[in-house]
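J.: Right, I'll just put the structure down here and ask away after.
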Amino acid sequence: MTEILQTPKLVVVFGGSGFVGRHVVRALAKRGYRVRVACRRPDLAGHLQPLGNVGQIQAVQANLRVRWSVDHAVRDADHVVNLVGILHESGRQTFNAVHEFGARAVAEAARAVGAGLTHMSALGADMGSGSAYAVSKARGEKAVRETVPGAVIMRPSIVFGPEDGFFNRFANMARFSPALPLIGGGKTKFQPVYVGDVAEAIARSVDGSLAAGAVYELGGPQVLTFRQCMEEMLEAIDRKRVLVSMPWWLANLQASILGLLPNPLLTRDQVMQLREHNIVSGNAENEGRTLAGIGIRPPQALGTILPSYLWRYRAAGQFTRSPSGNAEA
């Protein structure tokens with residue numbers, strides 16, 4: 001008998017060229033899926049090609065604010081993953097446009113072709129929050145559930161890894177500043193989660209091994225305060241800096257000024273987000289809607305990963321080794 005070869009499942013990843021996206025694409029490619037990366041600048045997504053076999057990964061142009069481009073990107077898809085998100089608003093890239101309107105557009109497009117859907121939201125998504133970011137994330141989740149009830153929703157805490165925008169930013173600040181600010185006293189709690197673990201969770205949802213319609217909360221093995229996160233970062237780069245408590249009113253004042261910059265270090269909305277802890281809920285723990293609950297054990301700890309990519313911020317003159325093993329001055 002002639003064996004019939006099945007074409008591998010096609011997975012469309014919106015935001016696949018970004019920080020989390022490239023790790024998701026790698027995890028999907030390792031499983032043998034065909035991956036179509038939908039992004040605004042496919043000409044800048046060439047770095048994704050080495051993650052898979054020849055022809056396995058394809059980049060196409062799509063903008064969540066342009067509905068026809070979303071529909072075009074998901075044609076023939078078996079599963080759709082939406083990773084698109086912004087940390088601050090800029091021009092037409094508003095929280096509502098990206099997190100709500102965009103999420104609904106992707107969900108409607110996935111439903112139209114009968115594809116499964118995995119949507120990445122964020123811990124802290126809450127309709128009642130004082131943060132516009134958190135409210136827009138919650139509205140996006142609502143839009144997804146209304147459109148594709150069986151969609152899997154992922155809510156990660158702060159995601160860390162080689163290209164992250166959190167620890168890299170503060171490590172770079174530590175190179176030039178003798179002090180680092182602790183907004184609100186640095187008491188806000190986080191549960192930093194490794195980008196590779198987030199990507200594996202998303203890949204498992206594409207596999208179909210997670211509960212349809214469930215909301216998973218993704219956090220690492222440690223709950224750390226903002227202060228403890230900064231201490232871990234400073235230890236990784238072997239620098240000593242003064243950690244200075246910054247009261248909420250002063251943080252808001254600084255954010256009002258910094259928020260005017262094209263790529264602001266801090267916005268008033270981010271200060272508002274820091275008033276709430278960013279950790280996995282007790283309900284998610286009890287119901288197994290966590291990394292451990294889906295079998296990703298143990299999740300990678302912050303202290304074991306940070307030195308592998310923050311080495312470049314170590315004090316000048318120190319002799320370190322890059323992740324490739326090459327000696328660096």
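Within each chain, counting starts at residue 1; across the structure tokens, chains are named A, B, ... in the order shown, with ligands numbered 1 upward in that order.
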Name all residues at most 6 Å from Val193 in chain A (count only C-alpha atoms; drop same-chain ones fewer than 3 positions away) and give them as an MDAnalysis selection string.
T.: chainID A and resid 159 219:220
J.: Hey, which bits of range 198-251 of chain A sit within 9 Å of range 166-183 of chain A, and for each residue what's the closest pair of atoms and how far apart in Å (one decimal), counting only C-alpha atoms, rows by chain and increasing number, as a tab-separated table?
T.:
residue	atom	partner	partner_atom	distance
A:Phe226	CA	A:Leu182	CA	7.1
A:Arg227	CA	A:Leu182	CA	6.6
A:Cys229	CA	A:Phe167	CA	8.4
A:Met230	CA	A:Phe170	CA	7.8
A:Met233	CA	A:Phe167	CA	6.7
A:Leu234	CA	A:Ala171	CA	7.3
A:Ile237	CA	A:Ala171	CA	7.4
A:Arg239	CA	A:Ala174	CA	7.7
A:Lys240	CA	A:Pro178	CA	8.3
A:Arg241	CA	A:Ala179	CA	5.3
A:Val242	CA	A:Ala179	CA	4.5
A:Leu243	CA	A:Leu180	CA	5.0
A:Val244	CA	A:Pro181	CA	5.0
A:Ser245	CA	A:Leu182	CA	4.6
A:Met246	CA	A:Ile183	CA	4.8
A:Pro247	CA	A:Ile183	CA	6.3
A:Trp248	CA	A:Ile183	CA	6.5
A:Leu250	CA	A:Ile183	CA	8.7
A:Ala251	CA	A:Ile183	CA	6.3
J.: Would you kindly return, as a ChimeraX atom specification, each protein, DNA or RNA residue with an atom no farther than 10 Å from any atom of Gly55 in chain A, considering only C-alpha atoms and excluding same-chain residues fewer than 4 positions away?
T.: /A:34-35,49
J.: What does the file look like for those residues with N, CA and C atoms, as a PDB file, in the first residue's frame?
T.:
ATOM      1  N   ARG A  34       4.355  23.915   9.903  1.00  0.00           N
ATOM      2  CA  ARG A  34       4.647  25.024   8.996  1.00  0.00           C
ATOM      3  C   ARG A  34       4.231  26.304   9.719  1.00  0.00           C
ATOM      4  N   VAL A  35       5.054  27.322   9.644  1.00  0.00           N
ATOM      5  CA  VAL A  35       4.790  28.542  10.406  1.00  0.00           C
ATOM      6  C   VAL A  35       4.744  29.741   9.471  1.00  0.00           C
ATOM      7  N   GLN A  49      14.300  32.715   9.790  1.00  0.00           N
ATOM      8  CA  GLN A  49      14.502  31.616   8.849  1.00  0.00           C
ATOM      9  C   GLN A  49      15.381  30.491   9.405  1.00  0.00           C
TER      10      GLN A  49
END
J.: Quick one: everything within 6 Å of range 253-255 of chain A, counting only C-alpha atoms, minus sequence neighbours fewer than 2 positions away in the same chain. Send it as a PyMOL selection string.
T.: chain A and resi 250-251+257-259+266-268
J.: What would the file look like if the residues just selected were written as a CSV table (one decimal), in the first residue's frame with all heavy atoms?
T.:
chain,number,residue,atom,x,y,z
A,250,LEU,N,6.1,61.3,43.0
A,250,LEU,CA,7.3,61.6,42.2
A,250,LEU,C,7.4,60.8,41.0
A,250,LEU,O,7.8,61.3,39.9
A,250,LEU,CB,8.5,61.5,43.1
A,250,LEU,CG,9.9,61.9,42.4
A,250,LEU,CD1,9.8,63.3,41.9
A,250,LEU,CD2,11.0,61.7,43.4
A,251,ALA,N,7.0,59.5,41.1
A,251,ALA,CA,7.0,58.6,39.9
A,251,ALA,C,6.1,59.2,38.8
A,251,ALA,O,6.4,59.2,37.6
A,251,ALA,CB,6.7,57.2,40.3
A,257,ILE,N,6.7,63.5,32.3
A,257,ILE,CA,7.7,64.1,31.4
A,257,ILE,C,8.2,63.1,30.5
A,257,ILE,O,8.3,63.3,29.3
A,257,ILE,CB,8.8,64.8,32.3
A,257,ILE,CG1,8.2,65.9,33.2
A,257,ILE,CG2,9.9,65.3,31.4
A,257,ILE,CD1,9.2,66.4,34.2
A,258,LEU,N,8.6,61.9,31.0
A,258,LEU,CA,9.2,60.9,30.2
A,258,LEU,C,8.2,60.3,29.2
A,258,LEU,O,8.6,59.9,28.1
A,258,LEU,CB,9.7,59.7,31.1
A,258,LEU,CG,10.9,60.1,32.0
A,258,LEU,CD1,11.2,58.9,33.0
A,258,LEU,CD2,12.1,60.4,31.2
A,259,GLY,N,7.0,60.4,29.5
A,259,GLY,CA,5.9,59.9,28.6
A,259,GLY,C,5.8,60.6,27.4
A,259,GLY,O,5.1,60.2,26.4
A,266,LEU,N,9.3,55.5,31.0
A,266,LEU,CA,8.2,55.3,32.0
A,266,LEU,C,7.0,56.2,31.6
A,266,LEU,O,7.2,57.3,31.1
A,266,LEU,CB,8.7,55.7,33.4
A,266,LEU,CG,7.8,55.5,34.6
A,266,LEU,CD1,7.6,54.0,34.8
A,266,LEU,CD2,8.3,56.2,35.8
A,267,THR,N,5.8,55.6,31.8
A,267,THR,CA,4.6,56.4,31.5
A,267,THR,C,3.7,56.4,32.8
A,267,THR,O,3.9,55.5,33.6
A,267,THR,CB,3.8,55.8,30.3
A,267,THR,OG1,3.3,54.5,30.7
A,267,THR,CG2,4.6,55.7,29.1
A,268,ARG,N,2.8,57.3,32.8
A,268,ARG,CA,1.9,57.3,34.0
A,268,ARG,C,1.1,56.0,34.1
A,268,ARG,O,0.8,55.6,35.2
A,268,ARG,CB,0.9,58.5,33.9
A,268,ARG,CG,1.6,59.9,34.1
A,268,ARG,CD,0.6,61.0,34.0
A,268,ARG,NE,-0.5,60.9,34.9
A,268,ARG,CZ,-0.5,61.5,36.1
A,268,ARG,NH1,0.6,62.1,36.6
A,268,ARG,NH2,-1.6,61.3,36.9
J.: Rank nothing, just name the residue among A:Ala201, A:Val20, A:Val13, A:Ala125 nearest to Asp164 in chain A, using only C-alpha atoms.
T.: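 Smallest separation from Asp164 in chain A among the options: A:Val20.
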J.: Identify, on the basis of only C-alpha atoms, every residue whose closest approach to Leu44 in chain A does not exceed 10 Å; exclude the query and any residue fewer than 5 positions from it along the same chain; express the result as a ChimeraX atom specification.
T.: /A:17,39,59
J.: Keeping all heavy atoms, export the residues of the selection given above as a compact mmCIF listing (two decimals), in the first residue's frame.
T.:
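Contents of the output file selection22.txt:
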# COMPACT_ATOMS: atom_id res chain seq x y z
N SER A 17 7.69 37.96 14.94
CA SER A 17 9.06 38.47 14.79
C SER A 17 9.55 39.18 16.04
O SER A 17 10.70 39.63 16.09
CB SER A 17 9.14 39.44 13.60
OG SER A 17 8.31 40.58 13.82
N CYS A 39 3.46 39.90 10.41
CA CYS A 39 4.03 41.06 11.11
C CYS A 39 3.97 42.28 10.20
O CYS A 39 3.77 42.17 9.00
CB CYS A 39 5.47 40.78 11.54
SG CYS A 39 6.55 40.19 10.22
N ALA A 59 7.26 34.63 6.18
CA ALA A 59 6.81 35.89 6.77
C ALA A 59 5.89 36.61 5.79
O ALA A 59 6.18 36.69 4.59
CB ALA A 59 8.01 36.78 7.11
